[in-house]
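All remarks here apply to the structure that follows.
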Amino acid sequence: MAAGGQQETVEDGAVRGWVTRAGLTLPVALGVLLAIGLIGNLLGPVNDRRQFSGFLFLRQDLLPALAIILMLRFTLKPVDGAPVRGRPGPIQRPWLVALALALACWAGHRWLLLGYDMTRDEQMATFDAAIFAQGRLFWPVAPAWRNMAEALNQFFILPVADRQNWVSAYLPVNAATHAALGLLGVGELASPLFTAIGALALWRIAERLWPGDIMARTVALLLYAGSSQVVIQGMTAHAMAGHLALNMVWLWLFLRGGWSHAGAITVGFLATGLHQPLFHPLFVFPILLTLPLQRRWPLTLVYGASYLAIGLFWLSWPGMIATMAGGPLASLSGTGDRISYLDRVAFMLRDLGPVSLWLMAINLLRFIVWQHLLLLPLAAAAIGLAWRRPLVRPLSAGVALHILCVGLLLAYQGHGWGYRYLHGVIGSLCLLGVEGWRMVYRHWPSSRLWAWGNAATFLLVVPAHMAMAAWLTWPYARTSGAIDALDAPVAIVDDGAVAFGADLVHNRPDLTNRPIRLLAGQLTVEQARALCLDGPVAFVDIGSMRSIRDRIDAEPGDERHFHALQAACRKVRP
């Protein structure tokens, strides 16, 4: 796996030829993805909430994708003259970059995203963290609310018996990290710290792979810090910053060898249990496959046995916790609450079809648009010019495995800054980018292009994506704040009135928040009448969520049920 410290040259003619060919093939490849995205939107291939992916494609990614295609077409040309090496000045203190990233992510969470967990995934991380902080793995649902448990929002909650306990459908390590830091009063620092750790681990990997090459390490950090996806995902409670950081720490320990392999296995246990068991194994499998190919049989057996045990443990986690919480597990057909992971895989494969191709085309475009402007051509140079080097093949295979598996199982991501299901391989692409840099720096990019590429990334692309994140988050955050300010013990939210309206219904595990938020779509008229007999009930209708409609003009659902709940309440409490 080690690449060695001496620069291995490729004939100038081969480099120049590749750069010339890439100036055509890369724009054409992106153009095909763009065409699929446009055709899919024109045909209207989906009639459900996955249209949100098309909304993001048209509103956020279409014009930047066109700009990148044009940039590649007209700048991917071999140049002669002094190489870029050493300009701009190399980064000597990586901890300053890591600290700056952590501070930027923390500040962005507090002020750019208003400290709000916008998506159900983020809300579940903080929800579970609140449970873990009390020394528990699950939390009892108050008996008075069990007959309305579904209205409290049970999405991503395991359906245990009669819903007498809140039991998360997610694995616990991300939430446990938030809980541990929360005990110190800094729970919101979890993702910023993961982002910083990823940067430092990436630096150490580059230092080991290319000793003495300060520009290799500098390029690695610039590609990492220039990823809008890295920066903005680091502002959220998603587990993705943890996946990227732990993957990089794992790779650093693996490359060190010796007793560090024990550390890598420990990190692998934590990374697999972050929130879903799929992502980390996809990253490590191609790397571990190099061990038997190198006939390192003892280490192959150690890793094989370790990851078998890790996989069995985390795959059995939902069943173990459900049993402790008073199981048995129920199976809810047609929801995200599938119990066994095999059930979930089978359920997700049912959605595989032409729509998945359209989704993955715009997902890949979105992923590319949210990275450093020069990451794609530099990573492609590594694959095109250095495929036989030990570093390139397993990292490339890991990226390909992620794309294949999420294309089959998780093509729809919902909300995401960039394409978060590929977040864990951004480090791999940065390392490939460094290898590509070492291949082509004598002929591409020119000093001017390198300077302008970095300037445009950090001064234009990243701030623009921050503005896009704020533009989408603020209406939800402010609507949620308005619900908190309602003078009523209970608020019934018309969750079908706006896009992702159900994500506005989130409560504390002990239901001490006021008002308690309920999904209108999961309440019966009789339940609403009983609630109104007990005390005042606020109704959050489409007018109260107008700012969200102004952002995402999704077609509202049938409002007759919501109006029936209101009418029932007026009869008992005019």
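Order determines the names: the first chain of the structure tokens is A, the second B, and so forth; residues in each chain are numbered 1 upward, and ligands are numbered 1 upward as they are shown.
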Which polymer residues have any atom within 8 Å of an atom of region 276-286 of chain A, counting only C-alpha atoms, with same-chain residues fewer than 4 positions away left out, as a ChimeraX atom specification? /A:170-171,243,247,268,271-272,290,311,314-315,394-395,397-399,401-402,424-425
Kindly export the residues of the current selection with C-alpha atoms, as a CSV table (one decimal), in the first residue's frame.
```csv
chain,number,residue,atom,x,y,z
A,170,TYR,CA,-29.7,3.9,14.0
A,171,LEU,CA,-26.5,2.5,15.4
A,243,HIS,CA,-17.4,8.5,8.6
A,247,ASN,CA,-12.0,6.2,7.6
A,268,GLY,CA,-13.3,0.0,12.4
A,271,ALA,CA,-16.8,3.4,12.3
A,272,THR,CA,-19.1,0.5,11.4
A,290,THR,CA,-4.5,-6.2,-0.8
A,311,GLY,CA,-20.3,-7.1,11.3
A,314,TRP,CA,-23.7,-4.4,14.7
A,315,LEU,CA,-26.1,-6.3,12.5
A,394,PRO,CA,-7.9,0.0,-3.6
A,395,LEU,CA,-8.9,3.7,-3.1
A,397,ALA,CA,-12.3,0.5,-6.0
A,398,GLY,CA,-13.7,1.9,-2.7
A,399,VAL,CA,-15.1,4.9,-4.5
A,401,LEU,CA,-18.1,0.3,-4.6
A,402,HIS,CA,-19.8,3.2,-2.8
A,424,GLY,CA,-16.7,8.8,3.5
A,425,VAL,CA,-14.6,8.6,0.3
```
Who sits within 10 Å of Asp484 (chain A), only C-alpha atoms, same chain under 2 positions skipped, as a PyMOL selection string: chain A and resi 478-482+486-488+491+513-517
Writing out the chosen residues with N, CA and C atoms as a PDB file, in the first residue's frame:
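result.pdb, written as the output of this step:
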```pdb
ATOM      1  N   ARG A 478     -36.803  28.942  11.459  1.00  0.00           N
ATOM      2  CA  ARG A 478     -37.667  29.999  11.974  1.00  0.00           C
ATOM      3  C   ARG A 478     -39.085  29.501  12.211  1.00  0.00           C
ATOM      4  N   THR A 479     -39.566  28.603  11.348  1.00  0.00           N
ATOM      5  CA  THR A 479     -40.883  28.017  11.586  1.00  0.00           C
ATOM      6  C   THR A 479     -40.865  27.184  12.860  1.00  0.00           C
ATOM      7  N   SER A 480     -39.797  26.424  13.056  1.00  0.00           N
ATOM      8  CA  SER A 480     -39.679  25.637  14.284  1.00  0.00           C
ATOM      9  C   SER A 480     -39.644  26.544  15.513  1.00  0.00           C
ATOM     10  N   GLY A 481     -38.916  27.662  15.411  1.00  0.00           N
ATOM     11  CA  GLY A 481     -38.887  28.607  16.520  1.00  0.00           C
ATOM     12  C   GLY A 481     -40.254  29.195  16.805  1.00  0.00           C
ATOM     13  N   ALA A 482     -41.024  29.453  15.752  1.00  0.00           N
ATOM     14  CA  ALA A 482     -42.378  29.978  15.944  1.00  0.00           C
ATOM     15  C   ALA A 482     -43.275  28.946  16.627  1.00  0.00           C
ATOM     16  N   LEU A 486     -45.411  29.068  20.610  1.00  0.00           N
ATOM     17  CA  LEU A 486     -46.860  28.982  20.746  1.00  0.00           C
ATOM     18  C   LEU A 486     -47.253  28.774  22.201  1.00  0.00           C
ATOM     19  N   ASP A 487     -48.302  29.442  22.623  1.00  0.00           N
ATOM     20  CA  ASP A 487     -48.771  29.358  24.005  1.00  0.00           C
ATOM     21  C   ASP A 487     -49.819  28.259  24.129  1.00  0.00           C
ATOM     22  N   ALA A 488     -49.348  27.036  23.979  1.00  0.00           N
ATOM     23  CA  ALA A 488     -50.234  25.869  24.059  1.00  0.00           C
ATOM     24  C   ALA A 488     -49.388  24.659  24.430  1.00  0.00           C
ATOM     25  N   ALA A 491     -49.153  21.126  19.913  1.00  0.00           N
ATOM     26  CA  ALA A 491     -49.271  21.716  18.580  1.00  0.00           C
ATOM     27  C   ALA A 491     -49.429  20.598  17.567  1.00  0.00           C
ATOM     28  N   ASN A 513     -40.761  18.997  26.355  1.00  0.00           N
ATOM     29  CA  ASN A 513     -40.833  20.211  25.538  1.00  0.00           C
ATOM     30  C   ASN A 513     -42.277  20.689  25.438  1.00  0.00           C
ATOM     31  N   ARG A 514     -42.454  21.975  25.280  1.00  0.00           N
ATOM     32  CA  ARG A 514     -43.768  22.565  25.073  1.00  0.00           C
ATOM     33  C   ARG A 514     -43.682  23.562  23.929  1.00  0.00           C
ATOM     34  N   PRO A 515     -44.590  23.483  23.007  1.00  0.00           N
ATOM     35  CA  PRO A 515     -45.643  22.473  22.944  1.00  0.00           C
ATOM     36  C   PRO A 515     -45.117  21.127  22.444  1.00  0.00           C
ATOM     37  N   ILE A 516     -45.791  20.065  22.856  1.00  0.00           N
ATOM     38  CA  ILE A 516     -45.508  18.763  22.261  1.00  0.00           C
ATOM     39  C   ILE A 516     -46.033  18.784  20.828  1.00  0.00           C
ATOM     40  N   ARG A 517     -45.203  18.379  19.897  1.00  0.00           N
ATOM     41  CA  ARG A 517     -45.555  18.460  18.474  1.00  0.00           C
ATOM     42  C   ARG A 517     -46.113  17.123  17.993  1.00  0.00           C
TER      43      ARG A 517
END
```
Identify, on the basis of only C-alpha atoms, every residue whose closest approach to Arg560 (chain A) does not exceed 12 Å; exclude the query and any residue fewer than 5 positions from it along the same chain; express the result as an NGL selection string. :A and (494 or 496-497 or 520-521 or 525 or 541 or 565-567)
Name all residues at most 9 Å from Tyr412 (chain A) (count only C-alpha atoms; drop same-chain ones fewer than 5 positions away) and give them as a list in words.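 Using only C-alpha atoms, the neighbours found are Arg50, Ser53, Ser356, Leu359, Met360, Asn363, Val406 and Gly407 of chain A.
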Nearest residue to Gly115 (chain A) from the set A:Glu435, A:Asp128, A:Glu150, A:Glu188 (distances using only C-alpha atoms): A:Glu188
For Ile552 (chain A), find every residue with an atom within 12 Å (counting only C-alpha atoms), except residues of its own chain fewer than 3 positions away, and show them as a PyMOL selection string. chain A and resi 49+51-56+59+471-473+475-476+497-501+545-549+555-556
Report as a compact mmCIF listing (two decimals) with N, CA and C atoms, in the first residue's frame all protein, DNA and RNA residues lying within 9 Å of Ala149 (chain A), evaluated on only C-alpha atoms, omitting residues in the same chain fewer than 2 positions from it.
```
# COMPACT_ATOMS: atom_id res chain seq x y z
N VAL A 141 -41.84 5.69 26.52
CA VAL A 141 -42.84 6.65 26.09
C VAL A 141 -43.88 6.75 27.21
N TRP A 145 -49.32 8.83 26.27
CA TRP A 145 -49.08 9.16 24.87
C TRP A 145 -48.91 7.93 23.98
N ARG A 146 -48.96 6.76 24.54
CA ARG A 146 -48.66 5.57 23.72
C ARG A 146 -49.70 5.32 22.64
N ASN A 147 -50.96 5.68 22.91
CA ASN A 147 -51.97 5.46 21.86
C ASN A 147 -51.83 6.47 20.73
N ALA A 151 -48.18 9.65 16.07
CA ALA A 151 -48.29 11.09 15.84
C ALA A 151 -47.12 11.86 16.43
N LEU A 152 -46.39 11.26 17.38
CA LEU A 152 -45.20 11.90 17.95
C LEU A 152 -44.01 11.84 17.00
N ASN A 153 -44.18 11.16 15.89
CA ASN A 153 -43.17 10.95 14.84
C ASN A 153 -42.25 9.79 15.21
N GLN A 154 -42.58 8.65 14.67
CA GLN A 154 -41.83 7.43 14.94
C GLN A 154 -40.89 7.06 13.78
N ASP A 162 -45.79 -2.39 21.61
CA ASP A 162 -46.85 -1.40 21.47
C ASP A 162 -46.31 0.02 21.57
N ARG A 163 -45.05 0.21 21.15
CA ARG A 163 -44.41 1.53 21.13
C ARG A 163 -44.25 2.09 22.54
N GLN A 164 -43.96 1.20 23.50
CA GLN A 164 -43.82 1.69 24.86
C GLN A 164 -42.46 2.32 25.12
N GLN A 522 -51.11 11.53 11.40
CA GLN A 522 -51.14 10.31 12.20
C GLN A 522 -52.13 10.39 13.36
```
Rounded to one decimal in Å, what is the spacing between CA of Trp437 (chain A) and CA of Leu222 (chain A)? 12.2 Å
Near region 11-23 of chain A, 8 Å: region 410-480 of chain A residue rows, closest pairs, only C-alpha atoms, as CSV:
```
residue,atom,partner,partner_atom,distance
A:Met439,CA,A:Val15,CA,7.3
A:Val440,CA,A:Val15,CA,6.1
A:His443,CA,A:Arg16,CA,6.8
A:Trp444,CA,A:Val19,CA,7.6
```
Output of the above residues as a PDB file, in the first residue's frame, restricted to C-alpha atoms:
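Result went into part_6.pdb, see below:
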```
ATOM      1  CA  MET A 439       1.797  12.787 -12.195  1.00  0.00           C
ATOM      2  CA  VAL A 440       0.878  15.946 -14.061  1.00  0.00           C
ATOM      3  CA  HIS A 443       2.369  20.074 -17.472  1.00  0.00           C
ATOM      4  CA  TRP A 444      -0.940  20.915 -15.724  1.00  0.00           C
TER       5      TRP A 444
END
```
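For the pair CA of Leu374 (chain A) and CA of Val28 (chain A), the separation is 16.7 Å.
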Between A:Glu122, A:Ala199, A:Asp213, A:Pro143, single out the one closest to His178 (chain A), counting only C-alpha atoms. A:Glu122
CA of Asp558 (chain A) to CA of Leu523 (chain A), distance in Å rounded to a single decimal: 14.5 Å
Which of these residues is nearest to Thr457 (chain A), using only C-alpha atoms: A:Ala386, A:Leu375, A:Leu103, A:Leu70?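 Of the candidates, the smallest distance to Thr457 (chain A) is held by A:Leu375.
Considering only C-alpha atoms, the residue among A:Trp139, A:Ile69, A:Arg120, A:Arg448 positioned nearest to Val505 (chain A) is A:Arg120.
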List every residue of region 498-547 of chain A that DSSP, applied to the backbone of this structure, places in strand (DSSP E), and write the result as a PyMOL selection string. chain A and resi 516-519+537-540
Among region 184-250 of chain A, which ones does DSSP assign to helix (DSSP H, G or I) (computed from the backbone)? Answer as JSON, numbers by chain. {"A": [187, 188, 189, 190, 191, 192, 193, 194, 195, 196, 197, 198, 199, 200, 201, 202, 203, 204, 205, 206, 207, 208, 209, 214, 215, 216, 217, 218, 219, 220, 221, 222, 223, 224, 225, 228, 229, 230, 231, 232, 233, 240, 241, 242, 243, 244, 245, 246, 247, 248, 249, 250]}
Create the file for the chosen residues now, containing C-alpha atoms and written as an mmCIF file, in the first residue's frame.
```cif
data_model
loop_
_atom_site.group_PDB
_atom_site.id
_atom_site.type_symbol
_atom_site.label_atom_id
_atom_site.label_comp_id
_atom_site.auth_asym_id
_atom_site.auth_seq_id
_atom_site.Cartn_x
_atom_site.Cartn_y
_atom_site.Cartn_z
ATOM 1 C CA GLY A 187 -22.307 18.529 22.039
ATOM 2 C CA GLU A 188 -22.528 20.614 18.874
ATOM 3 C CA LEU A 189 -18.748 20.293 18.458
ATOM 4 C CA ALA A 190 -18.961 16.612 17.461
ATOM 5 C CA SER A 191 -19.029 17.117 13.693
ATOM 6 C CA PRO A 192 -16.578 20.065 13.726
ATOM 7 C CA LEU A 193 -14.107 17.939 15.691
ATOM 8 C CA PHE A 194 -14.573 15.010 13.321
ATOM 9 C CA THR A 195 -13.879 17.363 10.407
ATOM 10 C CA ALA A 196 -10.659 18.555 12.040
ATOM 11 C CA ILE A 197 -9.580 15.001 12.861
ATOM 12 C CA GLY A 198 -10.136 14.008 9.232
ATOM 13 C CA ALA A 199 -7.853 16.815 8.077
ATOM 14 C CA LEU A 200 -5.054 15.844 10.467
ATOM 15 C CA ALA A 201 -5.331 12.159 9.611
ATOM 16 C CA LEU A 202 -5.225 12.981 5.898
ATOM 17 C CA TRP A 203 -2.052 15.006 6.461
ATOM 18 C CA ARG A 204 -0.416 12.131 8.332
ATOM 19 C CA ILE A 205 -1.359 9.660 5.586
ATOM 20 C CA ALA A 206 0.150 11.920 2.926
ATOM 21 C CA GLU A 207 3.245 12.310 5.088
ATOM 22 C CA ARG A 208 3.626 8.528 5.252
ATOM 23 C CA LEU A 209 2.882 7.897 1.594
ATOM 24 C CA ILE A 214 5.486 18.995 1.545
ATOM 25 C CA MET A 215 3.511 19.986 -1.537
ATOM 26 C CA ALA A 216 1.805 16.585 -1.634
ATOM 27 C CA ARG A 217 0.542 17.192 1.891
ATOM 28 C CA THR A 218 -0.412 20.758 0.989
ATOM 29 C CA VAL A 219 -2.422 19.631 -2.031
ATOM 30 C CA ALA A 220 -4.197 17.017 0.121
ATOM 31 C CA LEU A 221 -5.288 19.626 2.678
ATOM 32 C CA LEU A 222 -6.317 22.165 0.051
ATOM 33 C CA LEU A 223 -8.516 19.597 -1.713
ATOM 34 C CA TYR A 224 -10.050 18.583 1.634
ATOM 35 C CA ALA A 225 -10.640 22.092 3.009
ATOM 36 C CA SER A 228 -17.984 22.624 0.406
ATOM 37 C CA GLN A 229 -19.434 19.247 1.347
ATOM 38 C CA VAL A 230 -16.760 18.681 4.006
ATOM 39 C CA VAL A 231 -17.231 22.151 5.467
ATOM 40 C CA ILE A 232 -21.041 22.282 5.518
ATOM 41 C CA GLN A 233 -21.619 18.662 6.519
ATOM 42 C CA MET A 240 -21.010 11.718 7.691
ATOM 43 C CA ALA A 241 -18.216 13.844 9.183
ATOM 44 C CA GLY A 242 -17.545 10.928 11.515
ATOM 45 C CA HIS A 243 -17.408 8.455 8.628
ATOM 46 C CA LEU A 244 -14.829 10.557 6.797
ATOM 47 C CA ALA A 245 -12.702 11.147 9.894
ATOM 48 C CA LEU A 246 -12.706 7.536 11.105
ATOM 49 C CA ASN A 247 -11.971 6.218 7.609
ATOM 50 C CA MET A 248 -8.903 8.448 7.456
ATOM 51 C CA VAL A 249 -7.782 7.514 10.973
ATOM 52 C CA TRP A 250 -8.259 3.845 10.098
#
```
